[in-house]
>>> print(open('work.cif').read())   # mmCIF, C-alpha atoms and all ligand atoms
data_coords
loop_
_atom_site.label_atom_id
_atom_site.label_comp_id
_atom_site.auth_asym_id
_atom_site.auth_seq_id
_atom_site.Cartn_x
_atom_site.Cartn_y
_atom_site.Cartn_z
CA THR A 16 -0.54 44.59 -68.01
CA TRP A 17 1.87 45.13 -65.14
CA THR A 18 5.43 46.02 -66.04
CA PRO A 19 8.18 47.33 -63.75
CA ASP A 20 8.49 50.50 -65.84
CA SER A 21 4.79 51.29 -65.71
CA PHE A 22 4.75 50.57 -61.97
CA VAL A 23 7.60 53.03 -61.43
CA GLU A 24 5.90 55.68 -63.56
CA THR A 25 2.48 55.48 -61.91
CA THR A 26 3.87 55.06 -58.38
CA VAL A 27 6.20 58.04 -58.68
CA ALA A 28 3.30 60.16 -59.96
CA GLN A 29 1.06 59.01 -57.09
CA LEU A 30 3.77 59.68 -54.51
CA LYS A 31 4.29 63.19 -55.85
CA GLU A 32 0.59 63.86 -55.69
CA LYS A 33 0.18 62.42 -52.20
CA ILE A 34 3.28 63.89 -50.55
CA GLY A 35 3.73 67.17 -52.36
CA THR A 36 6.47 69.19 -50.61
CA ASP A 37 6.24 67.32 -47.27
CA LYS A 38 9.25 65.67 -45.69
CA VAL A 39 9.45 61.88 -45.41
CA ILE A 40 11.58 59.71 -43.12
CA LEU A 41 12.63 56.20 -44.11
CA GLY A 42 14.74 53.61 -42.30
CA LEU A 43 17.14 51.85 -44.65
CA SER A 44 18.25 48.33 -43.71
CA GLY A 45 20.63 47.50 -46.53
CA GLY A 46 18.06 45.03 -47.83
CA VAL A 47 16.17 45.00 -51.11
CA ASP A 48 12.77 46.24 -49.95
CA SER A 49 13.79 49.38 -48.09
CA SER A 50 16.29 50.25 -50.84
CA VAL A 51 13.72 49.98 -53.63
CA ALA A 52 11.15 51.93 -51.60
CA ALA A 53 13.77 54.64 -51.04
CA MET A 54 14.57 54.89 -54.75
CA LEU A 55 10.90 55.30 -55.67
CA LEU A 56 10.50 58.08 -53.13
CA HIS A 57 13.77 59.65 -54.16
CA LYS A 58 12.50 59.84 -57.73
CA ALA A 59 9.26 61.39 -56.53
CA ILE A 60 10.43 63.89 -53.91
CA GLY A 61 14.25 64.03 -54.05
CA LYS A 62 15.90 65.66 -51.05
CA ASN A 63 12.68 65.74 -49.06
CA LEU A 64 13.27 62.05 -48.45
CA HIS A 65 15.41 61.70 -45.32
CA CYS A 66 16.87 58.19 -45.02
CA ILE A 67 18.34 56.83 -41.80
CA PHE A 68 20.65 53.82 -41.78
CA VAL A 69 21.43 52.51 -38.30
CA ASN A 70 24.47 50.43 -37.43
CA ASN A 71 23.38 48.16 -34.58
CA GLY A 72 26.85 46.66 -34.27
CA LEU A 73 25.49 43.30 -35.43
CA LEU A 74 25.84 43.72 -39.17
CA ARG A 75 28.17 41.74 -41.40
CA LYS A 76 31.83 42.69 -41.61
CA ASP A 77 32.29 46.11 -43.31
CA GLU A 78 28.58 46.25 -44.10
CA PHE A 79 27.88 49.62 -42.52
CA PRO A 80 30.48 51.73 -44.37
CA SER A 81 30.12 49.89 -47.68
CA VAL A 82 26.32 49.97 -47.82
CA LEU A 83 26.27 53.59 -46.68
CA LYS A 84 28.63 54.49 -49.49
CA GLN A 85 26.47 52.62 -51.95
CA TYR A 86 23.38 54.56 -50.82
CA GLU A 87 25.23 57.84 -51.16
CA GLY A 88 26.28 56.78 -54.65
CA MET A 89 22.62 56.28 -55.51
CA GLY A 90 22.03 59.96 -54.71
CA LEU A 91 20.00 59.26 -51.59
CA ASN A 92 19.83 61.78 -48.80
CA VAL A 93 21.01 59.29 -46.16
CA LYS A 94 22.36 59.63 -42.66
CA GLY A 95 24.40 56.79 -41.19
CA VAL A 96 23.99 56.48 -37.44
CA ASP A 97 26.51 54.32 -35.64
CA ALA A 98 24.67 53.13 -32.54
CA SER A 99 26.75 49.95 -32.12
CA ALA A 100 27.86 50.75 -28.59
CA ARG A 101 24.32 51.47 -27.45
CA PHE A 102 23.01 48.14 -28.79
CA LEU A 103 25.93 46.06 -27.55
CA ASP A 104 25.84 47.64 -24.09
CA GLU A 105 22.13 46.93 -23.77
CA LEU A 106 22.59 43.33 -24.92
CA GLU A 107 25.35 42.61 -22.45
CA GLY A 108 24.75 39.41 -20.49
CA GLU A 109 21.53 38.52 -22.32
CA SER A 110 21.38 35.03 -23.80
CA ASP A 111 17.65 34.47 -24.33
CA PRO A 112 16.83 34.68 -28.07
CA GLU A 113 13.47 36.43 -27.70
CA LYS A 114 14.83 38.89 -25.13
CA LYS A 115 17.69 39.73 -27.50
CA ARG A 116 15.12 40.48 -30.21
CA LYS A 117 13.09 42.67 -27.83
CA ILE A 118 16.14 44.65 -26.73
CA ILE A 119 17.24 45.23 -30.32
CA GLY A 120 13.71 46.24 -31.37
CA ARG A 121 13.41 48.68 -28.47
CA VAL A 122 16.83 50.26 -28.95
CA PHE A 123 16.18 50.61 -32.67
CA ILE A 124 12.98 52.50 -31.97
CA GLU A 125 14.77 54.76 -29.48
CA VAL A 126 17.59 55.53 -31.93
CA PHE A 127 15.20 56.03 -34.81
CA ASP A 128 13.00 58.32 -32.74
CA ASP A 129 15.98 60.45 -31.69
CA GLU A 130 17.08 60.73 -35.30
CA SER A 131 13.66 61.50 -36.68
CA HIS A 132 13.40 64.48 -34.33
CA LEU A 133 16.33 65.99 -36.15
CA VAL A 134 14.25 66.13 -39.33
CA GLU A 135 12.08 69.15 -38.70
CA ASP A 136 8.45 69.08 -39.81
CA ALA A 137 8.53 65.54 -41.12
CA LYS A 138 5.03 64.43 -42.04
CA TRP A 139 5.45 60.89 -43.34
CA LEU A 140 7.12 57.64 -42.40
CA ALA A 141 7.95 55.48 -45.43
CA GLN A 142 8.32 51.72 -45.10
CA GLY A 143 9.40 48.97 -47.47
CA THR A 144 6.48 46.72 -46.53
CA ILE A 145 5.74 44.20 -49.28
CA TYR A 146 2.62 42.12 -49.90
CA PRO A 147 3.72 39.00 -47.98
CA ASP A 148 4.40 41.24 -44.93
CA VAL A 149 0.87 42.59 -45.22
CA ILE A 150 -0.58 39.08 -45.33
CA GLU A 151 1.58 37.89 -42.47
CA SER A 152 0.58 40.78 -40.26
CA VAL A 153 -3.10 40.15 -40.98
CA SER A 154 -2.82 36.52 -39.95
CA ALA A 155 -0.56 37.25 -36.99
CA THR A 156 -2.70 39.93 -35.39
CA GLY A 157 -6.18 39.43 -36.75
CA GLY A 158 -6.00 42.78 -38.48
CA PRO A 159 -3.78 44.69 -40.87
CA SER A 160 -2.08 46.61 -38.10
CA ALA A 161 1.19 44.93 -37.28
CA THR A 162 3.19 47.39 -39.32
CA ILE A 163 3.43 50.85 -37.88
CA LYS A 164 0.22 52.71 -38.58
CA SER A 165 -0.83 56.25 -38.19
CA HIS A 166 -3.18 56.83 -35.31
CA HIS A 167 -4.82 59.69 -33.57
CA ASN A 168 -4.50 60.19 -29.82
CA VAL A 169 -1.56 57.86 -29.44
CA GLY A 170 0.23 59.58 -26.59
CA GLY A 171 2.50 56.69 -25.56
CA LEU A 172 4.05 56.05 -28.95
CA PRO A 173 7.42 57.32 -30.15
CA ASP A 174 6.90 60.46 -32.18
CA PHE A 175 7.88 58.98 -35.53
CA MET A 176 5.05 56.48 -35.15
CA LYS A 177 2.59 59.36 -35.17
CA LEU A 178 3.60 60.19 -38.73
CA SER A 179 1.39 59.11 -41.61
CA VAL A 180 2.63 55.94 -43.22
CA VAL A 181 3.45 55.53 -46.89
CA GLU A 182 4.23 52.05 -48.24
CA PRO A 183 4.84 52.11 -52.00
CA LEU A 184 5.59 48.36 -52.25
CA ARG A 185 2.52 47.15 -50.40
CA MET A 186 1.05 45.34 -53.38
CA LEU A 187 4.24 43.69 -54.64
CA PHE A 188 5.84 40.28 -54.23
CA LYS A 189 9.58 39.99 -53.71
CA ASP A 190 10.43 39.14 -57.31
CA GLU A 191 8.39 42.14 -58.49
CA VAL A 192 10.27 44.37 -56.06
CA ARG A 193 13.56 43.12 -57.56
CA ARG A 194 12.29 43.83 -61.08
CA VAL A 195 11.17 47.32 -60.10
CA GLY A 196 14.59 47.93 -58.54
CA ALA A 197 16.31 46.70 -61.70
CA SER A 198 14.20 48.95 -63.90
CA MET A 199 15.35 51.94 -61.80
CA GLY A 200 18.96 50.88 -62.30
CA LEU A 201 19.72 49.58 -58.80
CA ASP A 202 22.94 47.61 -58.51
CA PRO A 203 22.24 43.91 -59.27
CA LEU A 204 24.53 43.04 -56.35
CA LEU A 205 22.22 44.95 -54.01
CA LEU A 206 19.10 43.40 -55.55
CA GLY A 207 20.54 39.90 -55.33
CA ARG A 208 21.57 40.09 -51.68
CA HIS A 209 20.57 37.25 -49.40
CA PRO A 210 17.99 38.06 -46.75
CA PHE A 211 19.55 39.04 -43.43
CA PRO A 212 17.59 39.19 -40.16
CA GLY A 213 16.99 42.54 -38.46
CA PRO A 214 18.62 41.37 -35.19
CA GLY A 215 21.63 40.41 -37.30
CA LEU A 216 24.45 38.44 -35.76
CA ALA A 217 22.80 38.64 -32.32
CA ILE A 218 20.67 35.61 -33.17
CA ARG A 219 23.65 33.79 -34.72
CA ILE A 220 25.74 34.08 -31.56
CA LEU A 221 24.19 31.45 -29.33
CA GLY A 222 24.20 32.56 -25.74
CA ASP A 223 25.39 35.95 -24.57
CA ILE A 224 26.90 38.51 -26.92
CA THR A 225 30.28 40.15 -26.49
CA ARG A 226 32.19 42.43 -28.82
CA GLU A 227 34.83 39.75 -29.16
CA LYS A 228 32.27 37.17 -30.29
CA VAL A 229 30.79 39.61 -32.80
CA ALA A 230 34.27 40.23 -34.24
CA ILE A 231 34.98 36.48 -34.52
CA LEU A 232 31.66 35.75 -36.21
CA GLN A 233 32.06 38.66 -38.64
CA GLU A 234 35.37 37.17 -39.80
CA VAL A 235 33.94 33.67 -40.14
CA ASP A 236 30.85 34.91 -41.97
CA ALA A 237 32.93 37.01 -44.37
CA ILE A 238 35.12 34.04 -45.30
CA PHE A 239 32.03 31.89 -45.92
CA ILE A 240 30.07 34.50 -47.91
CA ASN A 241 33.07 35.66 -49.96
CA GLY A 242 33.89 32.01 -50.57
CA LEU A 243 30.39 31.44 -51.94
CA LYS A 244 30.79 34.45 -54.22
CA ASP A 245 34.23 33.41 -55.44
CA ALA A 246 32.99 29.90 -56.18
CA GLY A 247 29.96 31.18 -58.11
CA LEU A 248 27.63 29.64 -55.53
CA TYR A 249 26.19 32.76 -53.90
CA ASP A 250 23.28 33.15 -56.32
CA LYS A 251 22.41 29.46 -56.08
CA VAL A 252 21.77 29.81 -52.37
CA TRP A 253 18.75 31.61 -50.92
CA GLN A 254 20.41 32.47 -47.62
CA ALA A 255 23.67 31.62 -45.93
CA GLY A 256 25.48 32.49 -42.75
CA ALA A 257 27.49 31.22 -39.83
CA MET A 258 26.51 30.53 -36.22
CA LEU A 259 28.89 30.89 -33.30
CA LEU A 260 28.16 28.03 -30.92
CA PRO A 261 28.47 28.23 -27.13
CA VAL A 262 30.76 25.22 -27.25
CA ASN A 263 34.50 24.87 -26.87
CA SER A 264 36.22 21.78 -28.15
CA VAL A 265 39.71 20.39 -28.06
CA GLY A 266 42.06 20.69 -31.02
CA VAL A 267 45.75 20.72 -31.82
CA MET A 268 47.71 23.53 -33.42
CA GLY A 269 51.37 22.68 -34.08
CA ASP A 270 52.18 20.76 -30.93
CA GLU A 271 49.87 22.83 -28.74
CA ARG A 272 46.55 21.68 -27.40
CA THR A 273 43.78 24.21 -28.10
CA TYR A 274 40.37 24.57 -26.50
CA GLU A 275 38.42 26.93 -28.70
CA LYS A 276 35.13 27.80 -30.33
CA CYS A 277 33.07 25.89 -32.87
CA VAL A 278 31.13 27.51 -35.72
CA ALA A 279 28.30 26.05 -37.78
CA LEU A 280 27.83 27.05 -41.41
CA ARG A 281 24.31 27.09 -42.84
CA ALA A 282 23.17 27.52 -46.44
CA VAL A 283 19.58 26.97 -47.50
CA GLU A 284 17.38 26.91 -50.57
CA SER A 285 13.94 28.41 -50.16
CA THR A 286 11.37 30.58 -51.87
CA ASP A 287 9.95 32.48 -48.92
CA GLY A 288 11.81 31.30 -45.82
CA MET A 289 8.75 29.43 -44.56
CA THR A 290 10.26 26.11 -45.57
CA ALA A 291 13.87 25.50 -46.50
CA ASP A 292 16.25 22.75 -47.54
CA TRP A 293 19.92 22.66 -46.69
CA VAL A 294 22.10 23.07 -49.75
CA ASN A 295 24.34 20.28 -50.92
CA LEU A 296 27.48 22.43 -51.24
CA PRO A 297 30.46 20.70 -52.89
CA TYR A 298 32.80 18.98 -50.43
CA GLU A 299 35.82 20.71 -51.98
CA PHE A 300 34.19 24.06 -51.30
CA LEU A 301 33.39 23.17 -47.69
CA GLN A 302 36.91 21.85 -47.23
CA LYS A 303 38.47 25.09 -48.44
CA VAL A 304 36.19 27.32 -46.40
CA SER A 305 36.74 25.24 -43.28
CA ASN A 306 40.53 25.42 -43.70
CA ASP A 307 40.41 29.16 -44.30
CA ILE A 308 38.28 29.76 -41.22
CA ILE A 309 40.40 27.64 -38.91
CA ASN A 310 43.67 29.04 -40.23
CA LYS A 311 42.63 32.68 -40.30
CA VAL A 312 40.20 33.24 -37.46
CA ARG A 313 41.79 33.18 -34.04
CA GLY A 314 39.64 31.49 -31.44
CA VAL A 315 37.92 29.01 -33.79
CA ASN A 316 39.25 25.46 -34.11
CA ARG A 317 36.25 23.54 -35.46
CA VAL A 318 33.74 24.03 -38.30
CA VAL A 319 30.57 22.00 -38.84
CA TYR A 320 27.96 22.16 -41.61
CA ASP A 321 24.26 22.24 -40.76
CA ILE A 322 22.34 19.58 -42.72
CA SER A 323 18.91 20.22 -41.20
CA SER A 324 15.89 21.29 -43.20
CA LYS A 325 13.00 23.52 -42.15
CA PRO A 326 10.75 22.26 -40.75
CA PRO A 327 11.57 21.15 -38.17
CA ALA A 328 14.82 23.12 -37.87
CA THR A 329 14.46 26.86 -38.42
CA ILE A 330 16.92 28.71 -40.65
CA GLU A 331 18.40 30.71 -37.77
CA TRP A 332 19.54 28.82 -34.70
CA GLU A 333 17.85 31.26 -32.36
P1 LIG A 401 13.64 31.15 -39.32
O1 LIG A 401 14.85 31.11 -38.45
O2 LIG A 401 12.40 31.49 -38.57
O3 LIG A 401 13.89 32.34 -40.33
O4 LIG A 401 13.48 29.90 -40.14
C1 LIG A 401 13.09 32.59 -41.47
C2 LIG A 401 13.61 33.85 -42.13
O5 LIG A 401 13.37 34.97 -41.26
C3 LIG A 401 14.58 35.57 -40.88
N1 LIG A 401 14.45 35.92 -39.46
C4 LIG A 401 14.26 37.17 -39.01
N2 LIG A 401 14.18 38.35 -39.67
N3 LIG A 401 13.89 39.45 -37.59
C5 LIG A 401 14.02 39.48 -38.95
O6 LIG A 401 13.98 40.57 -39.52
C6 LIG A 401 13.96 38.32 -36.87
O7 LIG A 401 13.85 38.33 -35.64
C7 LIG A 401 14.15 37.12 -37.63
N4 LIG A 401 14.26 35.80 -37.26
C8 LIG A 401 14.45 35.11 -38.41
C9 LIG A 401 15.66 34.54 -41.14
O8 LIG A 401 16.93 35.17 -41.36
C10 LIG A 401 15.11 33.86 -42.36
O9 LIG A 401 15.37 34.60 -43.54
#
>>> encode(input="work.cif", output="structure tokens", more="lines below")
Ligand code: XMP
Amino acid sequence: TWTPDSFVETTVAQLKEKIGTDKVILGLSGGVDSSVAAMLLHKAIGKNLHCIFVNNGLLRKDEFPSVLKQYEGMGLNVKGVDASARFLDELEGESDPEKKRKIIGRVFIEVFDDESHLVEDAKWLAQGTIYPDVIESVSATGGPSATIKSHHNVGGLPDFMKLSVVEPLRMLFKDEVRRVGASMGLDPLLLGRHPFPGPGLAIRILGDITREKVAILQEVDAIFINGLKDAGLYDKVWQAGAMLLPVNSVGVMGDERTYEKCVALRAVESTDGMTADWVNLPYEFLQKVSNDIINKVRGVNRVVYDISSKPPATIEWE
């Protein structure tokens, strides 16, 4: 029978056998899957695992330094690369959601390629692909090739894509990944983190992205997420976040008229993100969070709560 401990034991042995003394590159995202994959490889090959954690400038408030520190504390050989300026410069003036995603995907590949060149003689690219990703890529492309695969004669690809791919979580579902992580002693706070999209706050800032908007949304998001944690609601919610709307509305502050931004809070229950219901958060909680946001975040004078389920509304607004 399958147990997390036996999975760790056999997988670590297989990885040792397969990889030997080769070097492996892995992109950490701060999420559960890449972190658990990294720990398995770390157990198998130690310092020959070279992890890269990229700051795209669209992470949550303080996420980059705090997650980097956490990875270092886990003993991982990890390099933090702050490419915020590069991402934000390239996104300037772009307000189309799919184009934002494309820009972020392209810049990530460029940054990752540059970084992977610094690891001499790397032979493998490790990924935290899990079973649902495998299934999704089969149905999306007609073949199991949507994740980065090793090929021969692939002249046009970034160099890291020419590495052989190793995906130790390929056969696991999300809850199994969490159990494997727990059996290796990963921080429950890391294992229990809400999903967060790769393009980050870029798809929660409706319209064009500026550094100022990112800073505003990071503050709003932090108040909401910390509020959920303080109220003991974080673990009851599958995913939560805030959207910065391209809308100004009139308010009053003291005896001044204001004309400032509106944010929407969203919290959903789900099992896989394919369908989702909005969460009936207590009014008292929403009241407190709304007051905190409006009092503490300059530039925001209105907070609304999203009560749409998926379908037809998606979880993200873009
Ligand atoms: P939607 O908005 O489609 O989101 O209901 C479903 C889940 O997917 C996440 N999401 C993304 N994740 N890149 C990602 O890595 C993306 O472009 C992206 N778009 C949505 C979303 O956060 C939710 O968990």
>>> closest_residue(input="work.cif", among="A:Val82, A:Val229, A:Met289, A:Ile322", to="ligand LIG 401 (chain A)", atoms="only C-alpha atoms and all ligand atoms")
A:Met289
>>> closest_residue(input="work.cif", among="A:Asp307, A:Gly288, A:Asp37, A:Glu182", to="A:Thr329", atoms="all atoms listed in the file")
A:Gly288
>>> residues_around(input="work.cif", residues="A:Gly222", least_positions_apart="3", cutoff="12 Å", atoms="all atoms listed in the file", output="list in words")
Leu106, Glu107, Gly108, Glu109, Ser110, Asp111, Pro112, Glu113, Lys114, Lys115, Leu216, Ala217, Ile218, Arg219, Thr225, Lys228, Val229, Met258, Leu259, Leu260, Pro261, Val262, Trp332 and Glu333 of chain A
>>> residues_near_ligand(input="work.cif", ligand="ligand LIG 401 (chain A)", cutoff="10 Å", atoms="only C-alpha atoms and all ligand atoms", output="ChimeraX atom specification")
/A:44,112-113,115-117,119-120,209-219,253-256,283,285,287-291,324-333
>>> write_last_selection(input="work.cif", atoms="C-alpha atoms", output="PDB file, keeping the file's coordinate frame")
ATOM      1  CA  SER A  44      18.250  48.330 -43.710  1.00  0.00           C
ATOM      2  CA  PRO A 112      16.830  34.680 -28.070  1.00  0.00           C
ATOM      3  CA  GLU A 113      13.470  36.430 -27.700  1.00  0.00           C
ATOM      4  CA  LYS A 115      17.690  39.730 -27.500  1.00  0.00           C
ATOM      5  CA  ARG A 116      15.120  40.480 -30.210  1.00  0.00           C
ATOM      6  CA  LYS A 117      13.090  42.670 -27.830  1.00  0.00           C
ATOM      7  CA  ILE A 119      17.240  45.230 -30.320  1.00  0.00           C
ATOM      8  CA  GLY A 120      13.710  46.240 -31.370  1.00  0.00           C
ATOM      9  CA  HIS A 209      20.570  37.250 -49.400  1.00  0.00           C
ATOM     10  CA  PRO A 210      17.990  38.060 -46.750  1.00  0.00           C
ATOM     11  CA  PHE A 211      19.550  39.040 -43.430  1.00  0.00           C
ATOM     12  CA  PRO A 212      17.590  39.190 -40.160  1.00  0.00           C
ATOM     13  CA  GLY A 213      16.990  42.540 -38.460  1.00  0.00           C
ATOM     14  CA  PRO A 214      18.620  41.370 -35.190  1.00  0.00           C
ATOM     15  CA  GLY A 215      21.630  40.410 -37.300  1.00  0.00           C
ATOM     16  CA  LEU A 216      24.450  38.440 -35.760  1.00  0.00           C
ATOM     17  CA  ALA A 217      22.800  38.640 -32.320  1.00  0.00           C
ATOM     18  CA  ILE A 218      20.670  35.610 -33.170  1.00  0.00           C
ATOM     19  CA  ARG A 219      23.650  33.790 -34.720  1.00  0.00           C
ATOM     20  CA  TRP A 253      18.750  31.610 -50.920  1.00  0.00           C
ATOM     21  CA  GLN A 254      20.410  32.470 -47.620  1.00  0.00           C
ATOM     22  CA  ALA A 255      23.670  31.620 -45.930  1.00  0.00           C
ATOM     23  CA  GLY A 256      25.480  32.490 -42.750  1.00  0.00           C
ATOM     24  CA  VAL A 283      19.580  26.970 -47.500  1.00  0.00           C
ATOM     25  CA  SER A 285      13.940  28.410 -50.160  1.00  0.00           C
ATOM     26  CA  ASP A 287       9.950  32.480 -48.920  1.00  0.00           C
ATOM     27  CA  GLY A 288      11.810  31.300 -45.820  1.00  0.00           C
ATOM     28  CA  MET A 289       8.750  29.430 -44.560  1.00  0.00           C
ATOM     29  CA  THR A 290      10.260  26.110 -45.570  1.00  0.00           C
ATOM     30  CA  ALA A 291      13.870  25.500 -46.500  1.00  0.00           C
ATOM     31  CA  SER A 324      15.890  21.290 -43.200  1.00  0.00           C
ATOM     32  CA  LYS A 325      13.000  23.520 -42.150  1.00  0.00           C
ATOM     33  CA  PRO A 326      10.750  22.260 -40.750  1.00  0.00           C
ATOM     34  CA  PRO A 327      11.570  21.150 -38.170  1.00  0.00           C
ATOM     35  CA  ALA A 328      14.820  23.120 -37.870  1.00  0.00           C
ATOM     36  CA  THR A 329      14.460  26.860 -38.420  1.00  0.00           C
ATOM     37  CA  ILE A 330      16.920  28.710 -40.650  1.00  0.00           C
ATOM     38  CA  GLU A 331      18.400  30.710 -37.770  1.00  0.00           C
ATOM     39  CA  TRP A 332      19.540  28.820 -34.700  1.00  0.00           C
ATOM     40  CA  GLU A 333      17.850  31.260 -32.360  1.00  0.00           C
TER      41      GLU A 333
END
>>> residues_around(input="work.cif", residues="stretch 190-207 of chain A", least_positions_apart="6", cutoff="12 Å", atoms="only C-alpha atoms", output="JSON, numbers by chain")
{"A": [17, 18, 19, 20, 21, 22, 23, 24, 26, 27, 44, 45, 46, 47, 48, 49, 50, 51, 52, 53, 54, 55, 56, 57, 58, 78, 81, 82, 85, 86, 88, 89, 90, 143, 144, 145, 146, 147, 183, 184, 244, 249, 250, 251, 252, 253, 254, 286, 287]}
>>> residues_around(input="work.cif", residues="A:Arg226", least_positions_apart="3", cutoff="9 Å", atoms="only C-alpha atoms", output="mmCIF file with C-alpha atoms, keeping the file's coordinate frame")
data_model
loop_
_atom_site.group_PDB
_atom_site.id
_atom_site.type_symbol
_atom_site.label_atom_id
_atom_site.label_comp_id
_atom_site.auth_asym_id
_atom_site.auth_seq_id
_atom_site.Cartn_x
_atom_site.Cartn_y
_atom_site.Cartn_z
ATOM 1 C CA GLY A 72 26.850 46.660 -34.270
ATOM 2 C CA LEU A 103 25.930 46.060 -27.550
ATOM 3 C CA VAL A 229 30.790 39.610 -32.800
ATOM 4 C CA ALA A 230 34.270 40.230 -34.240
ATOM 5 C CA ILE A 231 34.980 36.480 -34.520
#
>>> residues_around(input="work.cif", residues="A:Leu280", least_positions_apart="6", cutoff="9 Å", atoms="all atoms listed in the file", output="NGL selection string")
:A and (236 or 239 or 255-258 or 318-321)
>>> write_last_selection(input="work.cif", atoms="C-alpha atoms", output="PDB file, in the frame of the given file")
ATOM      1  CA  ASP A 236      30.850  34.910 -41.970  1.00  0.00           C
ATOM      2  CA  PHE A 239      32.030  31.890 -45.920  1.00  0.00           C
ATOM      3  CA  ALA A 255      23.670  31.620 -45.930  1.00  0.00           C
ATOM      4  CA  GLY A 256      25.480  32.490 -42.750  1.00  0.00           C
ATOM      5  CA  ALA A 257      27.490  31.220 -39.830  1.00  0.00           C
ATOM      6  CA  MET A 258      26.510  30.530 -36.220  1.00  0.00           C
ATOM      7  CA  VAL A 318      33.740  24.030 -38.300  1.00  0.00           C
ATOM      8  CA  VAL A 319      30.570  22.000 -38.840  1.00  0.00           C
ATOM      9  CA  TYR A 320      27.960  22.160 -41.610  1.00  0.00           C
ATOM     10  CA  ASP A 321      24.260  22.240 -40.760  1.00  0.00           C
TER      11      ASP A 321
END
>>> closest_residue(input="work.cif", among="A:Asn316, A:Asn70, A:Ser179, A:Ser323", to="A:Val39", atoms="all atoms listed in the file")
A:Ser179
>>> atom_distance(input="work.cif", atom1="atom CA of A:Met186", atom2="atom CA of A:Ile150")
10.3 Å
>>> residues_near_point(input="work.cif", point="(14.3, 64.9, -40.4)", cutoff="9 Å", atoms="only C-alpha atoms", output="list in words")
Lys38, Val39, Ile40, Asn63, Leu64, His65, Cys66, Glu130, Ser131, His132, Leu133, Val134, Glu135, Asp136 and Ala137 of chain A
>>> atom_distance(input="work.cif", atom1="atom CA of A:Ile118", atom2="atom CA of A:Leu83")
24.1 Å
>>> atom_distance(input="work.cif", atom1="atom CA of A:Cys277", atom2="atom CA of A:Arg317")
4.7 Å
>>> closest_residue(input="work.cif", among="A:Ala59, A:Leu301, A:Ala237, A:Ala279", to="A:Lys76", atoms="only C-alpha atoms")
A:Ala237
>>> closest_residue(input="work.cif", among="A:Leu74, A:Ile34, A:Ala98, A:Leu43", to="A:Gly61", atoms="all atoms listed in the file")
A:Ile34
>>> decode(input="work.cif", residues="stretch 208-231 of chain A", atoms="C-alpha atoms", output="mmCIF file, in the first residue's frame")
data_model
loop_
_atom_site.group_PDB
_atom_site.id
_atom_site.type_symbol
_atom_site.label_atom_id
_atom_site.label_comp_id
_atom_site.auth_asym_id
_atom_site.auth_seq_id
_atom_site.Cartn_x
_atom_site.Cartn_y
_atom_site.Cartn_z
ATOM 1 C CA ARG A 208 -0.568 27.813 1.340
ATOM 2 C CA HIS A 209 -3.344 28.871 -0.991
ATOM 3 C CA PRO A 210 -2.685 28.437 -4.699
ATOM 4 C CA PHE A 211 -1.287 31.573 -6.323
ATOM 5 C CA PRO A 212 -1.157 32.098 -10.099
ATOM 6 C CA GLY A 213 2.199 32.227 -11.882
ATOM 7 C CA PRO A 214 1.475 35.688 -13.364
ATOM 8 C CA GLY A 215 0.751 36.812 -9.813
ATOM 9 C CA LEU A 216 -0.739 40.215 -9.178
ATOM 10 C CA ALA A 217 -0.511 41.077 -12.897
ATOM 11 C CA ILE A 218 -3.834 39.334 -13.495
ATOM 12 C CA ARG A 219 -5.369 40.903 -10.379
ATOM 13 C CA ILE A 220 -4.607 44.442 -11.523
ATOM 14 C CA LEU A 221 -7.248 45.022 -14.160
ATOM 15 C CA GLY A 222 -5.900 47.121 -16.979
ATOM 16 C CA ASP A 223 -2.318 48.294 -17.218
ATOM 17 C CA ILE A 224 0.249 47.620 -14.508
ATOM 18 C CA THR A 225 2.317 50.245 -12.757
ATOM 19 C CA ARG A 226 4.656 49.936 -9.802
ATOM 20 C CA GLU A 227 2.308 52.126 -7.804
ATOM 21 C CA LYS A 228 -0.650 49.819 -8.483
ATOM 22 C CA VAL A 229 1.407 46.765 -7.519
ATOM 23 C CA ALA A 230 2.359 48.445 -4.228
ATOM 24 C CA ILE A 231 -1.282 49.342 -3.472
#
